[in-house]
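**Student:** Structure provided below as structure tokens; questions to follow.
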Amino acid sequence: MRGEGTRPRGRHDGPPGNGGGDAAGVRAGRSGHDRQGRTAPPQGGPEQTGGQEPTGPDRRTRGAAKGGKRRVLRWVASVLALLILGTGGAGYVYYKHLNGNIRKEDLTLGDKQMADHKANAAGQTPLNILLIGSDARDSTANQKLGGAKETFGGTPLADVQMLLHLSADRSNISVLSMPRDTMLKMPKCTDPDTDEVYPAGTVDVQTNESLGRGGPGCTVAAWYELTGVTIDHFMMIDFAGVVSMADAVGGVPVCVDANVYSHTGDGKGSGLKLEKGTTSVKGEQALQWLRTRYGFEDNTDLGRTKAQHQYLNSMVRELRKGTKLTDPVKLMDLAEAATSALTVDTGLDTVKKLYDLAEELKKVPTDRITMTTMPNVYGTGQFRGRVYPKPDEAEQVFRMIREDIPLDGKASKRKTPVVEDQAAPDAEIAVSVRNATSTDVLGPARGRAGTVAESLTEAGFVKATVDSQNVEAVATTGVLYPSADMEGDAQAVAKALGIPAAQVKKSTDVSGVVLAVGADWREDGAYPAKAAEEKTPDSANPLNGADEQACMKVNPSFTW
């Protein structure tokens, strides 16, 4: 249930959280100003998937961007520290005021409990935050900005959905966007205000409808159902929130390869009008950029998502220059805008918690931030114009996030602490070897556990045995151990076989050292260590945070 004093989810005030967008996948019967239910299939096959109105990511990435001094914006806490130190009691009052601005809701409304994170060899765990952009037209400000009068007061849609993954070692950030017209079956959700139960879906519907099934917690549940990625927090924002945040941050440079005017003869389009080259956008113009579908690439959400990624990366770079918000008054403006614009889960319901999150995010250098889109394919027949997760490649990206594999393809530069010198003699280390090599399409490779156990025995680990009872498949080979006193033993086993130390992990599911031979080691021979540095499929359209040359391709029909 929502906490005391929590405001309704945006049915009246407008959900503050992360961006919402132009809504291409509205329910049947809803149409209008860039909220058409379908995305016309692109000429040339699937591209990047789109969300929209990425105000959320933008806010979220901003969180990532907030750092201190010259490197990073100190964000809300900077304001608070300044106020509390400089004004004493008045600062505390303002701190309470900012906390009161933040709207809170339950993390998940689904009936499935999310799995616990698996710690890495250093005992660290990743952090996953779902960024949601609501298209709510529930206030005068949102109606003015969102248009589409026929949707005023209607059920809000989650038109921007981005999952931000902060690696366990805090070396990299991966962002995955899901197109708002992605078709999937909804999970069972219960509205925390009315206790209304929305049964699990039996037919595919657009993912953006999840927000109307009780709130953002159902969007979280839908993501978990599809990806298997444990989500720790969510942040949501609406149209008005995007504008206020964009104003507070200041101009963000964006680029187009030709003059563009997002407007159609029947009134669709975001209204964005820019000249060729780089322009600094803020406020309502920033919202137009984030909502533009007609005018970019093939006029679908896929192009819009690319534009959102470009904006967020650019904003992070601007904030990290440390030149925009050194003025206390501007810092206060940002603090006010940020806290008023957001709806968060109860785990992020104070300025202190948001600041702590920003402190974690700022550890990641810009060139280790990767923006991607869920690999997808277009539907056919009645679902023409909708998208579905692309077989194999979408699951590959989901798995990489679940297993904390960087989407930029770079191995972590932060060395896993080595405690190998605390290991027992090789001959005294008992190792249980499992054949976990099966995949969705292939059964387990015959004899792999026995072959690897023999290799260990030859290497001096004479207590290596085969565990034929536990054969749960894993994609990546790993060595598991139950407690800190056995970590050195596990690392010794990994070293003997050439398995990277990063694949040695603590697990409460084992009682001793266990070697799970994964699908990446189905063949005889030495362990292919480079397989651990997995490459993100090109269909995810990865964009590096340090890429300042990114420029949106303008559709020839929308130039002027």
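Each chain in the structure tokens gets a letter, A, B, ..., in the order shown, and its residues are numbered from 1; ligands are numbered from 1 in order too.
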Taking only stretch 303-381 of chain A into account, list the residues labelled alpha helix (DSSP H) by DSSP (computed from the backbone), as a ChimeraX atom specification.
**Tutor:** /A:303-320,328-341,351-361
**Student:** Output as a VMD selection string all residues of stretch 92-273 of chain A that backbone DSSP marks as strand (DSSP E).
**Tutor:** chain A and resid 103 to 105 127 to 134 158 to 166 173 to 177 183 to 184 189 to 190 197 to 198 205 to 206 233 to 236 252 to 256 260 to 261 273
**Student:** Could you write out that same residue set with C-alpha atoms as a short mmCIF file (atom, residue, chain, number, x, y, z; two decimals), in the first residue's frame?
**Tutor:**
```cif
data_model
loop_
_atom_site.label_atom_id
_atom_site.label_comp_id
_atom_site.auth_asym_id
_atom_site.auth_seq_id
_atom_site.Cartn_x
_atom_site.Cartn_y
_atom_site.Cartn_z
CA ARG A 103 5.35 10.61 -4.43
CA LYS A 104 5.62 6.97 -3.45
CA GLU A 105 4.09 3.70 -4.57
CA LEU A 127 21.25 -2.53 -9.02
CA ASN A 128 18.33 -2.39 -11.48
CA ILE A 129 16.05 0.65 -11.75
CA LEU A 130 13.04 0.76 -14.08
CA LEU A 131 12.48 4.21 -15.55
CA ILE A 132 8.88 4.87 -16.57
CA GLY A 133 7.44 7.73 -18.60
CA SER A 134 3.72 8.28 -18.11
CA ALA A 158 3.67 3.68 -19.63
CA ASP A 159 4.95 5.04 -22.92
CA VAL A 160 8.61 5.11 -21.94
CA GLN A 161 10.15 2.09 -20.27
CA MET A 162 13.89 1.87 -19.71
CA LEU A 163 15.73 -0.50 -17.42
CA LEU A 164 18.91 0.95 -15.96
CA HIS A 165 21.39 -1.71 -14.83
CA LEU A 166 24.28 -0.64 -12.59
CA ILE A 173 25.81 1.09 -16.67
CA SER A 174 23.60 -0.58 -19.27
CA VAL A 175 20.23 0.92 -20.24
CA LEU A 176 17.65 -1.19 -22.08
CA SER A 177 14.57 0.40 -23.66
CA MET A 183 3.19 -7.25 -27.25
CA LEU A 184 3.18 -9.49 -24.20
CA CYS A 189 -1.64 -7.35 -10.56
CA THR A 190 -3.58 -5.93 -7.60
CA VAL A 197 -7.38 -7.66 -9.02
CA TYR A 198 -6.33 -7.64 -12.66
CA VAL A 205 -1.47 -6.69 -25.26
CA GLN A 206 0.84 -3.69 -25.47
CA HIS A 233 13.50 0.39 -7.78
CA PHE A 234 11.39 2.38 -10.22
CA MET A 235 11.20 6.09 -11.03
CA MET A 236 8.32 7.60 -13.01
CA VAL A 252 21.12 19.83 -23.66
CA PRO A 253 22.84 19.67 -27.09
CA VAL A 254 21.11 17.46 -29.68
CA CYS A 255 21.86 16.98 -33.35
CA VAL A 256 19.87 16.40 -36.58
CA VAL A 260 13.26 18.89 -39.27
CA TYR A 261 9.64 19.80 -38.51
CA LYS A 273 11.27 22.33 -35.43
#
```
**Student:** Which residues are near A:Arg522? Cut-off 10 Å, only C-alpha atoms, ignore same chain within fewer than 5 positions. Put them as a list in words.
**Tutor:**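 Final neighbour list, sorted by chain and number: Asn435, Ala436, Thr437, Ser438, Pro444, Ala445, Arg446, Gly447, Arg448, Ala449, Thr477, Val517 and Tyr527 of chain A.
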**Student:** Could you give me, as a short mmCIF file (atom, residue, chain, number, x, y, z; two decimals) with N, CA, C and O atoms, in the first residue's frame, the residues within 8 Å of stretch 493-496 of chain A, counting only C-alpha atoms and dropping anything in the same chain fewer than 3 positions from it?
**Tutor:**
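Wrote it out as result.cif, contents follow:
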```cif
data_model
loop_
_atom_site.label_atom_id
_atom_site.label_comp_id
_atom_site.auth_asym_id
_atom_site.auth_seq_id
_atom_site.Cartn_x
_atom_site.Cartn_y
_atom_site.Cartn_z
N LEU A 456 40.45 -31.60 -13.66
CA LEU A 456 40.76 -31.11 -12.32
C LEU A 456 41.62 -32.12 -11.56
O LEU A 456 42.57 -31.74 -10.86
N ALA A 459 45.02 -31.90 -12.56
CA ALA A 459 45.64 -30.66 -12.08
C ALA A 459 45.92 -30.71 -10.58
O ALA A 459 46.43 -29.73 -10.02
N VAL A 479 32.11 -20.89 -10.93
CA VAL A 479 32.48 -21.66 -9.75
C VAL A 479 31.77 -21.02 -8.56
O VAL A 479 31.92 -19.82 -8.30
N ASP A 489 39.30 -21.36 -2.02
CA ASP A 489 39.26 -22.67 -2.68
C ASP A 489 38.62 -22.55 -4.05
O ASP A 489 39.11 -23.12 -5.04
N ALA A 490 37.50 -21.81 -4.12
CA ALA A 490 36.80 -21.65 -5.39
C ALA A 490 37.67 -20.93 -6.42
O ALA A 490 37.70 -21.30 -7.60
N ILE A 499 39.31 -20.13 -15.78
CA ILE A 499 38.01 -19.46 -15.68
C ILE A 499 38.23 -18.11 -15.00
O ILE A 499 38.86 -18.04 -13.94
N PRO A 500 37.75 -17.00 -15.57
CA PRO A 500 37.98 -15.67 -14.97
C PRO A 500 37.47 -15.59 -13.54
O PRO A 500 36.44 -16.18 -13.18
N ALA A 501 38.21 -14.85 -12.70
CA ALA A 501 37.84 -14.70 -11.29
C ALA A 501 36.45 -14.09 -11.13
O ALA A 501 35.76 -14.35 -10.14
N VAL A 504 33.60 -16.43 -10.39
CA VAL A 504 33.59 -17.14 -9.10
C VAL A 504 32.61 -16.38 -8.21
O VAL A 504 32.82 -15.21 -7.91
#
```
